[in-house]
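Asks: Handing you this structure, nothing more for now.
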Amino acid sequence: MHSNIYIFMRYITLLITTIFFALNVTAQVDKEPLPTENAEISEIQSGNSVYGKVLDIQTNKGVVAASTQLYARLQDENTHKEKDSLIAVMLTKPNGDFYFENVPAYKNLHLVITAVGYGNYDKNFPFVNQKTGGNAPFFKKDLGNIILTRKNERLATITIVADRPALRMGIDKKIFDVDKSITSKGGTAIDVMKNIPSVSVDVDGNVQLRNSSPTIFIDGRPTILTLDQISSDDIDRIEIITNPSAKYDASTTGGIINIILKKNKRYGLNGLVSATVGTPERYSGNVNLNLRQGKFNFFVSSHYNYSDNDAQGKSFRQNKSNGIVDNYFNQNSLNNHARQFFAIRGGVDFFLDNRNTFTLSQGYVNGRFSNIQTQDQEYYDNSNQLTQSGLRNSNSHFQFKRNSSSLLYTHKFPKEGKTIDASMKVNYGGVNDNDEIKNTFYNPDHTVIGDPSLVKNDGANNNNQVTAKIDFVNPLGEDKKIEAGLRSYVNNYSSYFNSYAINNGAETKLPLSNNYKYTEMVQAGYITYTGKLKSIGYQAGLRAEYSKFSGTLIDSAKKFGYEYPSEIKNIWDALFPSLYLSKKLNERDEIQLNYSRRIRRPNFWELNPFIDINDPLNIQQGNPQLKPEYSNSFEFNYSKNFKNNSNFLASIYYRNTTGDITRYSDTITTAQYDQLQNAGVDPNAILNTFINSKSTNRAGLELTLQQKFGDNFDITPNVNIGYRKVNANQNSLDLSNEGFDFSSKITANYKIKSEDKSNVFNNLSFQLTADYHSPRVIPQGRRLERFSSDFAIQKDLFKNNRGTITFSVNDIFNTQRYGVIYDTPSFYQEAYSRRWVRSFRITFSYKFGNSDFSLFRKNKDNNKGDF
């Protein structure tokens with residue numbers, strides 16, 4: 001496995017290196033031309049040239065219309081003193097670029113840059129190639145990024161930028177600013193997700209987007225981290241894409257949630273530190289730093305999080321034969337969840353010049369999770385008389401180490417907007433876990449029935465993912481653009497799991513034991529074209545993906561998996577088109593219609609025939625016969641912006657899925673019980689697995705309003721009304737079901753702003769969120785309604801609001817629980833569970849910055865630039 005990864009990485013590294021050198025060779029010939037009034041881009045003329053980019057130190061954006069004056073440093077024949085002779089003058093382009101062409105081959109040049117509101121830039125630099133003595137055909141001098149500071153302004157503290165809304169709604173995506181979510185301060189990514197419109201989180205921390213499972217990315221790439229392993233304080237923003245185009249992975253049927261981590265690029269030394277304490281036991285701390293000087297930007301963040309709480313679960317069941325109740329079963333559980341993890345992430349940006357940037361980063365997460373469960377069981381006959389009871393104690397420990405290494409390269413061509421981005425990311429790490437489970441059964445008179453059953457489990461896994469991609473963007477005019485790219489993804493996974501029944505100190509290995517490995521591979525390419533036909537904008541795209549999953553049960557040598565397409569005649573299985581149409585009705589109103597074809601491939605746990613007995617009444621097993629599901633998604637959007645910066649977005653969506661991967665539950669057979677009885681599994685346990693349904697149709701209407709009332713108050717309600725119809729059967733059993741559901745979420749923000757700076761309530765912010773989900777149909781029943789609400793108060797402190805203190809209450813009424821009802825011919829079950837309970841947190845954070853900080857002191861100029 002490791003040798004395969006090594007070979008793959010070697011070839012990818014060679015590919016990226018080749019691209020880099022090819023671009024550099026091209027760049028020596030194809031540098032930016034001299035701007036003209038009548039042509040956006042003109043052909044480069046031969047001759048010596050000098051070029052660079054002028055940037056604002058605060059925004060890191062180009063300074064437009066800055067006067068750049070190029071002088072030759074000449075020696076006066078009479079006085080033998082150096083003097084300046086003006087060669088050329090030009091104004092910078094809107095992106096800050098300047099380019100001097102046909103420059104005479106003087107030994108030294110002098111550049112002066114002036115701009116309204118900025119300090120002057122004034123530097124000498126050598127020009128003639130010393131090795132050739134000026135005999136080379138021509139020279140090209142790239143001065144890189146030249147940074148201008150604001151006049152009469154010294155940045156002693158962190159830059160204060162204009163306030164932006166928490167939710168920015170685009171026609172194709174929503175962007176959620178995590179800093180505005182004060183109820184999630186000091187929490188994890190799960191706490192953030194609970195506050196985003198369209199997004200919900202279940203009891204196991206799994207995220208759903210419009211009642212479908214989205215693909216989770218970190219910085220646009222796959223991750224092996226779970227959401228509760230990511231600190232909310234490390235997240236800058238979250239992008240929500242409900243119907244991705246062909247540019248994105250085809251396996252994003254349920255949409256994309258892209259988590260963008262913080263990485264500061266401000267000049268000098270900047271940082272943010274925070275600490276949190278709460279109850280039930282919650283402690284966390286976070287540090288985020290960056291140091292930018294010259295061509296380098298160093299960044300590092302570190303986080304520690306600990307939480308511990310008790311949560312209850314309940315289950316009520318009727319076992320039936322021919323529709324008549326045979327017996328009853330009740331189960332009550334108390335779970336103690338303890339979680340702690342430490343994470344550190346760091347890296348460096350290297351700005352080679354104003355055309356080429358490299359970013360190298362490394363992340364590491366180490367965590368320990370544990371769950372101690374006490375479960376009371378009651379068994380009743382058909383007349384509701386107690387026949388026996390049971391007590392189940394389990395102690396589970398889970399330890400993981402995750403690493404993430406990435407290398408990114410960006411090349412910006414002289415042509416505005418033309419870029420190449422290449423990257424390689426490696427996720428790798430392992431998990432160790434162990435459980436001890438004890439089952440004791442009692443007669444109604446509390447005497448013990450037989451000997452307690454004792455099961456011991458231990459396991460470990462290693463996971464290595466390699467993702468390499470390259471994207472090319474080329475604008476062809478004001479309304480035209482072509483984008484293309486290649487992507488390679490390889491995932492190698494190996495695991496062992498040993499389960500033993502312990503009787504009188506002797507261990508018997510159970511058939512639950514499972515050693516396996518698999519390799520998952522996806523090779524992809526895409527192309528999209530953006531254009532405009534009269535007043536209608538469009539983007540057409542096509543993506544092609546070849547995917548293969550090869551799994552092996554090592555002990556039995558049993559193979560499972562899939563390959564798509566398996567042969568050329570099934571090429572349609574590998575093609576995924578998309579089409580976006582948009583039209584601006586006026587300056588404030590826009591409509592859009594889009595279509596995409598996607599795929600969802602079964603994951604490992606859905607394929608693996610391993611049986612999970614963590615809950616003896618509800619056991620889990622994969623189905624190696626599963627096939628991928630294919631979806632055709634349509635979406636119509638209407639967006640309106642109001643004069644007071646309020647906005648409204650309405651979406652009508654429809655998705656048809658063939659072969660929908662659907663959960664299926666039934667009581668275990670006698671043969672299965674005989675195989676598992678030493679593991680303390682109940683004879684009436686439910687076996688949960690997965691099947692491919694014939695089809696599932698989903699339709700819905702989503703409405704989101706972001707309404708501002710002056711500068712102090714805003715409210716964001718979101719309503720999603722959906723309809724789902726499942727067409728499925730299993731073993732002549734009709735599992736079809738249909739029904740409506742709806743969910744609503746509201747976020748309200750209020751901030752006290754007073755001209756009296758001594759007012760103790762000035763800069764005091766309040767945030768209230770509430771989330772409701774109605775019952776929703778599933779193939780064999782329905783999920784029950786749930787409701788939760790959060791509240792937070794935040795006070796800005798110190799000069800320039802560098803400090804903040806936040807008090808938050810999560811799940812104010814302690815109502816956040818998850819319930820499901822299964823109603824089948826063989827059983828009826830109603831179950832409730834929860835992982836989190838109401839919590840209180842206090843978080844203090846402090847931000848700082850010094851743009852003058854330098855590791856290597858230089859002469860103090862009015863500029864911050866380097867050649």
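To be explicit about the labels: the chains of the structure tokens are called A, B, and onward in the order shown, and within each one the residues are counted from 1, while ligands get numbers from 1 in the order they are shown.
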Set the distance at 7 Å and use only C-alpha atoms: which residues neighbour A:Gln293 once local chain neighbours fewer than 5 positions away are removed? I'd like the list as JSON, numbers by chain.
Replies: {"A": [267, 268, 854]}
Asks: Next, write the just-selected residues to a file, as a compact mmCIF listing (two decimals), in the first residue's frame, keeping C-alpha atoms as the atom set.
Replies:
```
# COMPACT_ATOMS: atom_id res chain seq x y z
CA TYR A 267 1.93 42.43 6.68
CA GLY A 268 3.90 42.33 9.89
CA SER A 854 10.29 42.62 11.32
```
Asks: With only C-alpha atoms as the counted atoms, please give the residues lying no more than 10 Å from A:Asn618, apart from itself and same-chain residues fewer than 6 positions off, as a ChimeraX atom specification.
Replies: /A:612,665-668,681-682,684-688
Asks: Any idea what's packed within 12 Å of A:Ile190, counting only C-alpha atoms, ignoring anything in its chain fewer than 5 positions away? Could you give it as a list in words?
Replies: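 Once the nearby chain positions are removed, what remains is Val178, Thr183, Ser184, Lys185, Asn195, Ile196, Val199, Ser200, Val201, Asp202, Val203, Asp204, Gly205, Asn206, Val207, Gln208, Thr226, Leu227, Asp228, Gln229, Ile230, Ser231, Ser232, Asp233, Ile235, Ile259, Asn810, Arg835 and Trp836 of chain A.
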Asks: Run DSSP on the backbone and grab whatever in stretch 97-248 of chain A lands in strand (DSSP E or B); send it over as a count of residues only.
Replies: 57
Asks: Applying 8 Å and only C-alpha atoms, which residues near A:Ile536 remain after dropping the ones on its own chain fewer than 3 positions away? List them as a list in words.
Replies: Lys532, Leu533, Leu581, Ser582, Lys583 and Lys584 of chain A
Asks: For the contact check between stretch 432-468 of chain A and stretch 483-498 of chain A, emit one row per residue of stretch 432-468 of chain A within 6 Å, containing the shortest atom pair and the distance in Å rounded to one decimal, counting only C-alpha atoms, chain then rising number order, as CSV.
Replies:
```
residue,atom,partner,partner_atom,distance
A:Asn457,CA,A:Asn498,CA,5.7
A:Asp458,CA,A:Asn498,CA,5.5
A:Gly459,CA,A:Phe497,CA,4.2
A:Ala460,CA,A:Ser495,CA,5.7
A:Asn461,CA,A:Ser495,CA,4.0
A:Asn462,CA,A:Ser494,CA,5.5
A:Asn463,CA,A:Tyr493,CA,4.6
A:Asn464,CA,A:Asn492,CA,5.2
A:Gln465,CA,A:Asn491,CA,4.4
A:Val466,CA,A:Val490,CA,5.3
A:Thr467,CA,A:Tyr489,CA,4.6
A:Ala468,CA,A:Ser488,CA,5.3
```
Asks: Which one is closest to A:Pro624: A:Ser370, A:Asn692, A:Gln829, A:Ile571? Count only C-alpha atoms.
Replies: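 Looking at the shortest contact to A:Pro624, the residue is A:Asn692.
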Asks: Please list as a PyMOL selection string every residue within 9 Å of stretch 49-52 of chain A, counting only C-alpha atoms and excluding residues in the same chain fewer than 4 positions away.
Replies: chain A and resi 31-32+96-104+127+138-146+353-354
Asks: Just the alpha helix (DSSP H) stuff from stretch 556-640 of chain A, please, per backbone DSSP, written as a VMD selection string.
Replies: chain A and resid 604 to 607
